[in-house]
$ cat input.pdb   # PDB, C-alpha atoms
ATOM      1  CA  LYS A  88      15.732  40.331 -57.481
ATOM      2  CA  GLY A  89      16.138  36.870 -56.024
ATOM      3  CA  LEU A  90      16.469  35.184 -59.405
ATOM      4  CA  LYS A  91      19.044  32.447 -59.760
ATOM      5  CA  GLU A  92      18.676  31.680 -63.470
ATOM      6  CA  VAL A  93      17.555  33.803 -66.430
ATOM      7  CA  THR A  94      17.273  33.169 -70.155
ATOM      8  CA  ILE A  95      17.945  36.055 -72.542
ATOM      9  CA  LEU A  96      17.126  36.263 -76.241
ATOM     10  CA  ASN A  97      18.762  39.021 -78.205
ATOM     11  CA  ARG A  98      19.615  39.863 -81.794
ATOM     12  CA  SER A  99      23.328  39.911 -80.992
ATOM     13  CA  MET A 100      25.428  37.905 -78.555
ATOM     14  CA  PRO A 101      27.788  40.688 -77.294
ATOM     15  CA  ARG A 102      25.006  42.861 -75.805
ATOM     16  CA  ALA A 103      23.457  39.891 -74.013
ATOM     17  CA  GLU A 104      26.845  38.864 -72.664
ATOM     18  CA  ALA A 105      27.485  42.412 -71.430
ATOM     19  CA  LEU A 106      24.181  42.336 -69.530
ATOM     20  CA  ALA A 107      25.032  38.974 -68.009
ATOM     21  CA  ALA A 108      28.380  40.326 -66.840
ATOM     22  CA  ASP A 109      26.551  42.919 -64.706
ATOM     23  CA  PHE A 110      24.941  40.143 -62.623
ATOM     24  CA  PRO A 111      27.660  37.611 -61.764
ATOM     25  CA  ASP A 112      25.495  35.870 -59.149
ATOM     26  CA  VAL A 113      22.846  34.884 -61.695
ATOM     27  CA  LYS A 114      23.134  32.087 -64.211
ATOM     28  CA  PHE A 115      22.342  33.380 -67.715
ATOM     29  CA  ASN A 116      21.283  31.233 -70.636
ATOM     30  CA  ILE A 117      21.829  33.294 -73.764
ATOM     31  CA  HIS A 118      20.054  32.630 -77.062
ATOM     32  CA  LEU A 119      19.616  34.490 -80.307
ATOM     33  CA  MET A 120      16.238  35.372 -81.800
ATOM     34  CA  PRO A 121      15.921  32.266 -84.030
ATOM     35  CA  ASP A 122      15.456  30.288 -80.788
ATOM     36  CA  LEU A 123      12.469  32.425 -79.712
ATOM     37  CA  MET A 124       9.718  29.817 -80.003
ATOM     38  CA  SER A 125      11.659  27.005 -78.387
ATOM     39  CA  VAL A 126      12.548  29.242 -75.471
ATOM     40  CA  VAL A 127       8.936  30.461 -75.051
ATOM     41  CA  GLU A 128       7.763  26.844 -75.113
ATOM     42  CA  SER A 129      10.133  25.840 -72.300
ATOM     43  CA  HIS A 130       9.492  28.747 -69.920
ATOM     44  CA  ASP A 131       6.723  29.729 -67.511
ATOM     45  CA  VAL A 132       7.197  33.514 -67.534
ATOM     46  CA  ILE A 133       8.285  35.497 -70.575
ATOM     47  CA  PHE A 134       9.102  39.195 -70.684
ATOM     48  CA  ALA A 135       9.042  40.895 -74.096
ATOM     49  CA  ALA A 136      10.846  44.206 -74.486
ATOM     50  CA  SER A 137      12.219  44.516 -78.004
ATOM     51  CA  GLY A 138      12.264  47.314 -80.531
ATOM     52  CA  SER A 139      10.464  45.241 -83.122
ATOM     53  CA  GLU A 140       7.704  47.002 -85.071
ATOM     54  CA  GLU A 141       5.886  43.715 -85.566
ATOM     55  CA  LEU A 142       4.310  41.076 -83.344
ATOM     56  CA  LEU A 143       6.807  38.383 -82.430
ATOM     57  CA  ILE A 144       4.485  35.954 -80.601
ATOM     58  CA  HIS A 145       1.069  35.068 -82.025
ATOM     59  CA  LYS A 146      -1.900  33.188 -80.702
ATOM     60  CA  ALA A 147      -1.189  30.274 -83.028
ATOM     61  CA  ASP A 148       2.370  30.008 -81.664
ATOM     62  CA  ILE A 149       1.158  29.570 -78.072
ATOM     63  CA  GLU A 150      -1.808  27.414 -79.017
ATOM     64  CA  GLY A 151       0.427  24.703 -80.444
ATOM     65  CA  MET A 152       2.692  24.534 -77.388
ATOM     66  CA  PRO A 153       2.241  21.995 -74.561
ATOM     67  CA  ALA A 154       0.875  23.261 -71.256
ATOM     68  CA  ARG A 155       3.238  24.290 -68.502
ATOM     69  CA  PRO A 156       3.488  22.340 -65.190
ATOM     70  CA  ASP A 157       0.589  22.262 -62.755
ATOM     71  CA  ILE A 158       2.673  24.163 -60.186
ATOM     72  CA  VAL A 159       2.204  27.310 -62.303
ATOM     73  CA  GLY A 160      -1.387  26.525 -63.183
ATOM     74  CA  GLY A 161      -0.443  25.075 -66.563
ATOM     75  CA  MET A 162      -0.207  28.579 -68.037
ATOM     76  CA  ARG A 163       2.461  30.717 -69.593
ATOM     77  CA  ARG A 164       2.527  34.282 -68.386
ATOM     78  CA  LEU A 165       3.761  36.800 -70.931
ATOM     79  CA  VAL A 166       4.589  40.334 -69.822
ATOM     80  CA  ASP A 167       4.796  42.597 -72.867
ATOM     81  CA  ILE A 168       6.293  46.003 -72.081
ATOM     82  CA  SER A 169       7.168  46.725 -75.698
ATOM     83  CA  VAL A 170       5.717  49.670 -77.604
ATOM     84  CA  PRO A 171       4.439  48.707 -80.076
ATOM     85  CA  ARG A 172       3.432  45.332 -78.657
ATOM     86  CA  ASN A 173       5.445  42.188 -79.336
ATOM     87  CA  VAL A 174       2.830  39.708 -78.092
ATOM     88  CA  ALA A 175      -0.543  39.395 -79.787
ATOM     89  CA  PRO A 176      -3.329  40.464 -77.392
ATOM     90  CA  ASP A 177      -5.565  37.604 -78.560
ATOM     91  CA  CYS A 178      -3.227  35.182 -76.774
ATOM     92  CA  ASN A 179      -5.472  35.923 -73.805
ATOM     93  CA  GLU A 180      -8.193  33.978 -75.608
ATOM     94  CA  LEU A 181      -6.253  30.794 -74.902
ATOM     95  CA  GLU A 182      -7.988  30.227 -71.604
ATOM     96  CA  GLY A 183      -5.988  28.039 -69.274
ATOM     97  CA  LYS A 184      -2.921  28.123 -71.519
ATOM     98  CA  ALA A 185      -1.671  31.719 -71.499
ATOM     99  CA  ILE A 186      -2.229  35.132 -70.029
ATOM    100  CA  VAL A 187      -0.728  38.327 -71.421
ATOM    101  CA  TYR A 188       0.023  41.517 -69.476
ATOM    102  CA  ASN A 189       0.829  44.663 -71.419
ATOM    103  CA  VAL A 190       1.819  48.239 -70.606
ATOM    104  CA  ASP A 191      -1.778  49.253 -69.962
ATOM    105  CA  ASP A 192      -2.185  46.448 -67.417
ATOM    106  CA  LEU A 193       1.005  47.508 -65.681
ATOM    107  CA  LYS A 194      -0.236  51.099 -65.545
ATOM    108  CA  GLU A 195      -3.365  49.869 -63.750
ATOM    109  CA  VAL A 196      -1.208  47.968 -61.267
ATOM    110  CA  VAL A 197       0.972  51.029 -60.689
ATOM    111  CA  ALA A 198      -2.122  53.207 -60.198
ATOM    112  CA  ALA A 199      -3.605  50.720 -57.744
ATOM    113  CA  ASN A 200      -0.329  50.515 -55.829
ATOM    114  CA  LYS A 201      -0.065  54.300 -55.800
ATOM    115  CA  GLU A 202      -3.586  54.595 -54.402
ATOM    116  CA  SER A 203      -2.810  51.953 -51.783
ATOM    117  CA  ARG A 204       0.399  53.744 -50.796
ATOM    118  CA  ALA A 205      -1.447  57.064 -50.586
ATOM    119  CA  ALA A 206      -4.056  55.492 -48.285
ATOM    120  CA  ALA A 207      -1.296  53.952 -46.140
ATOM    121  CA  ALA A 208       0.505  57.301 -45.997
ATOM    122  CA  ALA A 209      -2.688  59.061 -44.889
ATOM    123  CA  GLU A 210      -3.212  56.451 -42.169
ATOM    124  CA  ALA A 211       0.408  56.811 -41.060
ATOM    125  CA  GLU A 212      -0.005  60.594 -40.932
ATOM    126  CA  LEU A 213      -2.987  60.234 -38.602
ATOM    127  CA  LEU A 214      -1.017  57.873 -36.367
ATOM    128  CA  LEU A 215       1.904  60.290 -36.290
ATOM    129  CA  LYS A 216      -0.405  63.163 -35.354
ATOM    130  CA  ASP A 217      -1.876  61.094 -32.526
ATOM    131  CA  GLU A 218       1.590  60.126 -31.305
ATOM    132  CA  LEU A 219       2.780  63.735 -31.550
ATOM    133  CA  ARG A 220      -0.214  64.924 -29.528
ATOM    134  CA  ALA A 221       0.466  62.242 -26.909
ATOM    135  CA  PHE A 222       4.157  63.186 -26.774
ATOM    136  CA  GLU A 223       3.368  66.886 -26.416
ATOM    137  CA  ALA A 224       0.895  66.080 -23.635
ATOM    138  CA  TRP A 225       3.545  63.978 -21.856
ATOM    139  CA  ARG A 226       6.135  66.738 -22.291
ATOM    140  CA  ASP A 227       3.739  69.385 -20.993
ATOM    141  CA  SER A 228       2.850  67.178 -18.018
ATOM    142  CA  LEU A 229       6.486  67.422 -16.922
ATOM    143  CA  GLU A 230       6.019  71.181 -16.557
ATOM    144  CA  THR A 231       4.344  70.642 -13.199
ATOM    145  CA  VAL A 232       7.230  68.719 -11.620
ATOM    146  CA  PRO A 233       9.278  71.817 -10.612
ATOM    147  CA  THR A 234       6.124  73.471  -9.218
ATOM    148  CA  ILE A 235       5.314  70.386  -7.125
ATOM    149  CA  LYS A 236       8.838  70.454  -5.691
ATOM    150  CA  ALA A 237       8.705  74.197  -5.056
ATOM    151  CA  LEU A 238       5.341  73.978  -3.298
ATOM    152  CA  ARG A 239       6.454  71.095  -1.093
ATOM    153  CA  ASN A 240       9.766  72.820  -0.292
ATOM    154  CA  LYS A 241       7.993  76.049   0.658
ATOM    155  CA  ALA A 242       5.463  74.216   2.829
ATOM    156  CA  GLU A 243       8.242  72.265   4.530
ATOM    157  CA  ALA A 244      10.260  75.430   5.135
ATOM    158  CA  ILE A 245       7.251  77.113   6.769
ATOM    159  CA  ARG A 246       6.467  74.023   8.839
ATOM    160  CA  ALA A 247      10.058  73.618  10.033
ATOM    161  CA  GLY A 248      10.304  77.307  10.899
ATOM    162  CA  GLU A 249       7.074  77.337  12.893
ATOM    163  CA  PHE A 250       8.033  74.118  14.643
ATOM    164  CA  GLU A 251      11.323  75.626  15.760
ATOM    165  CA  LYS A 252       9.508  78.717  17.046
ATOM    166  CA  ALA A 253       7.106  76.550  19.007
ATOM    167  CA  MET A 254       9.939  74.511  20.478
ATOM    168  CA  GLY A 255      11.686  77.733  21.499
ATOM    169  CA  LYS A 256       8.613  78.960  23.333
ATOM    170  CA  LEU A 257       8.046  75.643  25.071
ATOM    171  CA  GLY A 258      11.653  75.460  26.209
ATOM    172  CA  ASP A 259      12.642  72.239  27.947
ATOM    173  CA  GLY A 260       9.107  71.505  29.045
ATOM    174  CA  LEU A 261       8.662  68.678  26.510
ATOM    175  CA  THR A 262      10.268  65.275  26.474
ATOM    176  CA  LYS A 263      11.885  64.026  23.299
ATOM    177  CA  LYS A 264       8.894  61.781  22.708
ATOM    178  CA  GLN A 265       6.480  64.692  23.075
ATOM    179  CA  ALA A 266       8.587  66.910  20.766
ATOM    180  CA  LYS A 267       8.624  64.137  18.212
ATOM    181  CA  ALA A 268       4.826  63.858  18.427
ATOM    182  CA  VAL A 269       4.418  67.604  17.879
ATOM    183  CA  GLU A 270       6.751  67.475  14.862
ATOM    184  CA  GLU A 271       4.828  64.538  13.364
ATOM    185  CA  LEU A 272       1.611  66.447  13.991
ATOM    186  CA  SER A 273       2.931  69.445  12.052
ATOM    187  CA  LYS A 274       4.025  67.228   9.175
ATOM    188  CA  GLY A 275       0.639  65.503   9.076
ATOM    189  CA  ILE A 276      -1.228  68.816   8.921
ATOM    190  CA  VAL A 277       0.994  70.073   6.083
ATOM    191  CA  ASN A 278       0.615  66.849   4.117
ATOM    192  CA  LYS A 279      -3.169  66.946   4.411
ATOM    193  CA  LEU A 280      -3.269  70.585   3.365
ATOM    194  CA  LEU A 281      -1.022  69.863   0.359
ATOM    195  CA  HIS A 282      -2.978  66.821  -0.779
ATOM    196  CA  GLY A 283      -5.541  68.808  -2.794
ATOM    197  CA  PRO A 284      -3.057  71.148  -4.526
ATOM    198  CA  MET A 285      -0.703  68.252  -5.286
ATOM    199  CA  ALA A 286      -3.534  66.202  -6.787
ATOM    200  CA  ALA A 287      -4.415  69.184  -8.982
ATOM    201  CA  LEU A 288      -0.868  69.135 -10.364
ATOM    202  CA  ARG A 289      -0.959  65.469 -11.399
ATOM    203  CA  CYS A 290      -2.778  64.063 -14.412
ATOM    204  CA  ASP A 291      -2.833  61.385 -17.096
ATOM    205  CA  SER A 292      -0.123  62.530 -19.494
ATOM    206  CA  SER A 293      -1.870  60.751 -22.372
ATOM    207  CA  ASP A 294      -4.916  63.022 -22.032
ATOM    208  CA  ALA A 295      -4.137  66.362 -23.653
ATOM    209  CA  ASP A 296      -7.229  68.032 -22.189
ATOM    210  CA  ALA A 297      -6.320  66.885 -18.682
ATOM    211  CA  VAL A 298      -2.772  68.174 -19.157
ATOM    212  CA  GLU A 299      -4.094  71.553 -20.262
ATOM    213  CA  ALA A 300      -6.312  71.796 -17.170
ATOM    214  CA  THR A 301      -3.376  70.773 -14.955
ATOM    215  CA  LEU A 302      -1.158  73.484 -16.435
ATOM    216  CA  ALA A 303      -3.887  76.020 -15.640
ATOM    217  CA  ASN A 304      -3.940  74.721 -12.045
ATOM    218  CA  MET A 305      -0.163  75.025 -11.912
ATOM    219  CA  THR A 306      -0.262  78.679 -12.933
ATOM    220  CA  ALA A 307      -2.951  79.411 -10.352
ATOM    221  CA  LEU A 308      -1.053  77.648  -7.549
ATOM    222  CA  GLU A 309       2.191  79.426  -8.386
ATOM    223  CA  ARG A 310       0.331  82.703  -8.063
ATOM    224  CA  MET A 311      -1.559  81.757  -4.873
ATOM    225  CA  PHE A 312       1.507  80.440  -3.068
ATOM    226  CA  SER A 313       3.862  83.081  -4.492
ATOM    227  CA  LEU A 314       6.055  80.485  -6.165
ATOM    228  CA  ASP A 315       8.140  82.919  -8.159
ATOM    229  CA  ALA A 316      10.953  82.040 -10.534
ATOM    230  CA  ASP A 317      13.480  81.932  -7.707
ATOM    231  CA  SER A 318      11.531  79.358  -5.699
ATOM    232  CA  VAL A 319      10.785  76.997  -8.591
ATOM    233  CA  PRO A 320      13.681  74.575  -9.205
ATOM    234  CA  SER A 321      15.535  74.905 -12.503
ATOM    235  CA  GLY A 322      14.441  72.677 -15.370
ATOM    236  CA  ARG A 323      11.348  74.513 -16.531
ATOM    237  CA  ARG A 324      11.636  78.247 -16.155
TER
END

$ encode --input "input.pdb" --output "structure tokens"
Amino acid sequence: KGLKEVTILNRSMPRAEALAADFPDVKFNIHLMPDLMSVVESHDVIFAASGSEELLIHKADIEGMPARPDIVGGMRRLVDISVPRNVAPDCNELEGKAIVYNVDDLKEVVAANKESRAAAAAEAELLLKDELRAFEAWRDSLETVPTIKALRNKAEAIRAGEFEKAMGKLGDGLTKKQAKAVEELSKGIVNKLLHGPMAALRCDSSDADAVEATLANMTALERMFSLDADSVPSGRR
């Protein structure tokens, strides 16, 4: 992935050419096995994956080669995924000149990555649980909205009805200004009486415990004020 140029060594040209044809965006330099040492000498990273039963690259082969550029630390990196191995393990003794990774090394990397992914997954699971709990608390907090509306509507209906009765008894004895003052007085009394119950129906939706307590208050208020299913606006019941 991301490679622009690759060199392939193979025992036969047709198979290498077929592989190159599968990646038209990459430049392939194809060589046959007799060119192995010259290709190893001129490259920074070498992957070995042949079916050979014998070692193909020995310590002495690498030892006699010039160092690679400083940009890669002067070393050749050989990744041997062949079974049996194609690169002699003692190439690692050439400190500063070569480093060899084999199947066992790759297994350790895979295991480490797997452990890291498992830890990340566990952390993500905890975050998801926290977010789910917060979402459920927010959703449950919406349960109180219809009850708040129903309670305010019922209080307003009672207030308006009693105000009209009072105005009927007083007849034309009040000026418009006085009638307005009485109406504002009735509204003020209702609002002050509703303040406590309304506060009990509001909470921090991010606090699940607070939401639970608020839902308990909601149930109690519905019972105390006889807010049955018909008086609570649709959307919850």

$ residues_around --input "input.pdb" --residues "Glu141 in chain A" --least-positions-apart "3" --cutoff "10 Å" --atoms "all atoms listed in the file" --output "NGL selection string"
:A and (137-138 or 144 or 170-175)

$ atom_distance --input "input.pdb" --atom1 "CA of Arg310 in chain A" --atom2 "CA of Ala237 in chain A"
12.3 Å

$ atom_distance --input "input.pdb" --atom1 "CA of His118 in chain A" --atom2 "CA of Leu96 in chain A"
4.7 Å

$ closest_residue --input "input.pdb" --among "A:Val190, A:Val127, A:Gly151, A:Ala198" --to "Arg164 in chain A" --atoms "only C-alpha atoms"
A:Val127

$ atom_distance --input "input.pdb" --atom1 "CA of Arg220 in chain A" --atom2 "CA of Ala300 in chain A"
15.4 Å

$ residues_around --input "input.pdb" --residues "Asn116 in chain A" --least-positions-apart "6" --cutoff "12 Å" --atoms "all atoms listed in the file" --output "VMD selection string"
chain A and resid 91 to 97 100 103 to 104 106 to 107 122 126

$ write_last_selection --input "input.pdb" --atoms "C-alpha atoms" --output "compact mmCIF listing (two decimals), in the coordinates of the input"
# COMPACT_ATOMS: atom_id res chain seq x y z
CA LYS A 91 19.04 32.45 -59.76
CA GLU A 92 18.68 31.68 -63.47
CA VAL A 93 17.56 33.80 -66.43
CA THR A 94 17.27 33.17 -70.16
CA ILE A 95 17.94 36.06 -72.54
CA LEU A 96 17.13 36.26 -76.24
CA ASN A 97 18.76 39.02 -78.20
CA MET A 100 25.43 37.90 -78.56
CA ALA A 103 23.46 39.89 -74.01
CA GLU A 104 26.84 38.86 -72.66
CA LEU A 106 24.18 42.34 -69.53
CA ALA A 107 25.03 38.97 -68.01
CA ASP A 122 15.46 30.29 -80.79
CA VAL A 126 12.55 29.24 -75.47

$ closest_residue --input "input.pdb" --among "A:Gly260, A:Ala209, A:Met305, A:Lys274" --to "Ile245 in chain A" --atoms "only C-alpha atoms"
A:Lys274

$ closest_residue --input "input.pdb" --among "A:Asp112, A:Arg163, A:Ile168, A:Lys146" --to "Phe134 in chain A" --atoms "only C-alpha atoms"
A:Ile168

$ residues_around --input "input.pdb" --residues "Asn179 in chain A" --least-positions-apart "6" --cutoff "10 Å" --atoms "all atoms listed in the file" --output "MDAnalysis selection string"
chainID A and resid 146 164:165 185:188

$ closest_residue --input "input.pdb" --among "A:Leu308, A:Val166, A:Ala295, A:Leu257" --to "Leu219 in chain A" --atoms "all atoms listed in the file"
A:Ala295

$ closest_residue --input "input.pdb" --among "A:Val132, A:Leu215, A:Leu272, A:Val197" --to "Gly160 in chain A" --atoms "all atoms listed in the file"
A:Val132

$ resolve_selection --input "input.pdb" --expression "the PyMOL selection byres ((chain A and resi 154) around 12)" --output "PyMOL selection string"
chain A and resi 127-131+149-153+155-164+181-185

$ write_last_selection --input "input.pdb" --atoms "C-alpha atoms" --output "PDB file, in the frame of the given file"
ATOM      1  CA  VAL A 127       8.936  30.461 -75.051  1.00  0.00           C
ATOM      2  CA  GLU A 128       7.763  26.844 -75.113  1.00  0.00           C
ATOM      3  CA  SER A 129      10.133  25.840 -72.300  1.00  0.00           C
ATOM      4  CA  HIS A 130       9.492  28.747 -69.920  1.00  0.00           C
ATOM      5  CA  ASP A 131       6.723  29.729 -67.511  1.00  0.00           C
ATOM      6  CA  ILE A 149       1.158  29.570 -78.072  1.00  0.00           C
ATOM      7  CA  GLU A 150      -1.808  27.414 -79.017  1.00  0.00           C
ATOM      8  CA  GLY A 151       0.427  24.703 -80.444  1.00  0.00           C
ATOM      9  CA  MET A 152       2.692  24.534 -77.388  1.00  0.00           C
ATOM     10  CA  PRO A 153       2.241  21.995 -74.561  1.00  0.00           C
ATOM     11  CA  ARG A 155       3.238  24.290 -68.502  1.00  0.00           C
ATOM     12  CA  PRO A 156       3.488  22.340 -65.190  1.00  0.00           C
ATOM     13  CA  ASP A 157       0.589  22.262 -62.755  1.00  0.00           C
ATOM     14  CA  ILE A 158       2.673  24.163 -60.186  1.00  0.00           C
ATOM     15  CA  VAL A 159       2.204  27.310 -62.303  1.00  0.00           C
ATOM     16  CA  GLY A 160      -1.387  26.525 -63.183  1.00  0.00           C
ATOM     17  CA  GLY A 161      -0.443  25.075 -66.563  1.00  0.00           C
ATOM     18  CA  MET A 162      -0.207  28.579 -68.037  1.00  0.00           C
ATOM     19  CA  ARG A 163       2.461  30.717 -69.593  1.00  0.00           C
ATOM     20  CA  ARG A 164       2.527  34.282 -68.386  1.00  0.00           C
ATOM     21  CA  LEU A 181      -6.253  30.794 -74.902  1.00  0.00           C
ATOM     22  CA  GLU A 182      -7.988  30.227 -71.604  1.00  0.00           C
ATOM     23  CA  GLY A 183      -5.988  28.039 -69.274  1.00  0.00           C
ATOM     24  CA  LYS A 184      -2.921  28.123 -71.519  1.00  0.00           C
ATOM     25  CA  ALA A 185      -1.671  31.719 -71.499  1.00  0.00           C
TER      26      ALA A 185
END

$ closest_residue --input "input.pdb" --among "A:Ala303, A:Leu214, A:Pro121, A:Phe250" --to "Ser273 in chain A" --atoms "all atoms listed in the file"
A:Phe250

$ axis_aligned_box --input "input.pdb" --around "range 94-100 of chain A" --padding-each-side "8 Å" --output "JSON"
{"center_x": 21.3, "center_y": 36.5, "center_z": -76.0, "size_x": 24.3, "size_y": 22.7, "size_z": 27.6}

$ decode --input "input.pdb" --residues "range 174-196 of chain A" --atoms "N, CA and C atoms" --output "compact mmCIF listing (two decimals), in the first residue's frame"
# COMPACT_ATOMS: atom_id res chain seq x y z
N VAL A 174 16.57 -16.64 5.29
CA VAL A 174 17.65 -15.74 5.70
C VAL A 174 18.27 -16.27 6.99
N ALA A 175 19.57 -16.37 7.00
CA ALA A 175 20.27 -16.90 8.18
C ALA A 175 20.03 -16.00 9.39
N PRO A 176 19.60 -16.57 10.52
CA PRO A 176 19.34 -15.77 11.72
C PRO A 176 20.56 -15.01 12.22
N ASP A 177 21.77 -15.56 11.96
CA ASP A 177 22.97 -14.89 12.50
C ASP A 177 23.29 -13.60 11.75
N CYS A 178 22.49 -13.25 10.75
CA CYS A 178 22.66 -11.94 10.10
C CYS A 178 22.42 -10.82 11.11
N ASN A 179 21.67 -11.14 12.16
CA ASN A 179 21.41 -10.15 13.20
C ASN A 179 22.66 -9.79 13.99
N GLU A 180 23.70 -10.62 13.85
CA GLU A 180 24.96 -10.35 14.54
C GLU A 180 25.74 -9.22 13.87
N LEU A 181 25.30 -8.84 12.69
CA LEU A 181 25.97 -7.76 11.96
C LEU A 181 25.41 -6.42 12.44
N GLU A 182 25.78 -6.05 13.63
CA GLU A 182 25.23 -4.87 14.27
C GLU A 182 25.51 -3.61 13.45
N GLY A 183 24.46 -2.88 13.19
CA GLY A 183 24.60 -1.66 12.41
C GLY A 183 24.56 -1.87 10.92
N LYS A 184 24.52 -3.12 10.48
CA LYS A 184 24.51 -3.40 9.04
C LYS A 184 23.22 -4.07 8.58
N ALA A 185 22.64 -4.91 9.46
CA ALA A 185 21.44 -5.64 9.06
C ALA A 185 20.62 -6.03 10.29
N ILE A 186 19.34 -6.16 10.05
CA ILE A 186 18.44 -6.68 11.07
C ILE A 186 17.44 -7.57 10.37
N VAL A 187 17.21 -8.75 10.97
CA VAL A 187 16.34 -9.76 10.35
C VAL A 187 15.09 -9.96 11.21
N TYR A 188 13.93 -9.93 10.57
CA TYR A 188 12.67 -10.26 11.24
C TYR A 188 12.15 -11.55 10.63
N ASN A 189 11.75 -12.49 11.48
CA ASN A 189 11.22 -13.75 10.97
C ASN A 189 9.76 -13.93 11.42
N VAL A 190 9.22 -15.11 11.14
CA VAL A 190 7.81 -15.37 11.45
C VAL A 190 7.53 -15.22 12.94
N ASP A 191 8.47 -15.67 13.76
CA ASP A 191 8.26 -15.57 15.21
C ASP A 191 8.17 -14.11 15.65
N ASP A 192 9.02 -13.26 15.07
CA ASP A 192 8.96 -11.83 15.39
C ASP A 192 7.63 -11.23 14.99
N LEU A 193 7.14 -11.64 13.81
CA LEU A 193 5.87 -11.11 13.33
C LEU A 193 4.72 -11.57 14.21
N LYS A 194 4.84 -12.81 14.74
CA LYS A 194 3.80 -13.30 15.64
C LYS A 194 3.75 -12.44 16.90
N GLU A 195 4.92 -12.03 17.39
CA GLU A 195 4.97 -11.18 18.58
C GLU A 195 4.32 -9.82 18.30
N VAL A 196 4.58 -9.30 17.10
CA VAL A 196 3.98 -8.02 16.72
C VAL A 196 2.46 -8.16 16.63
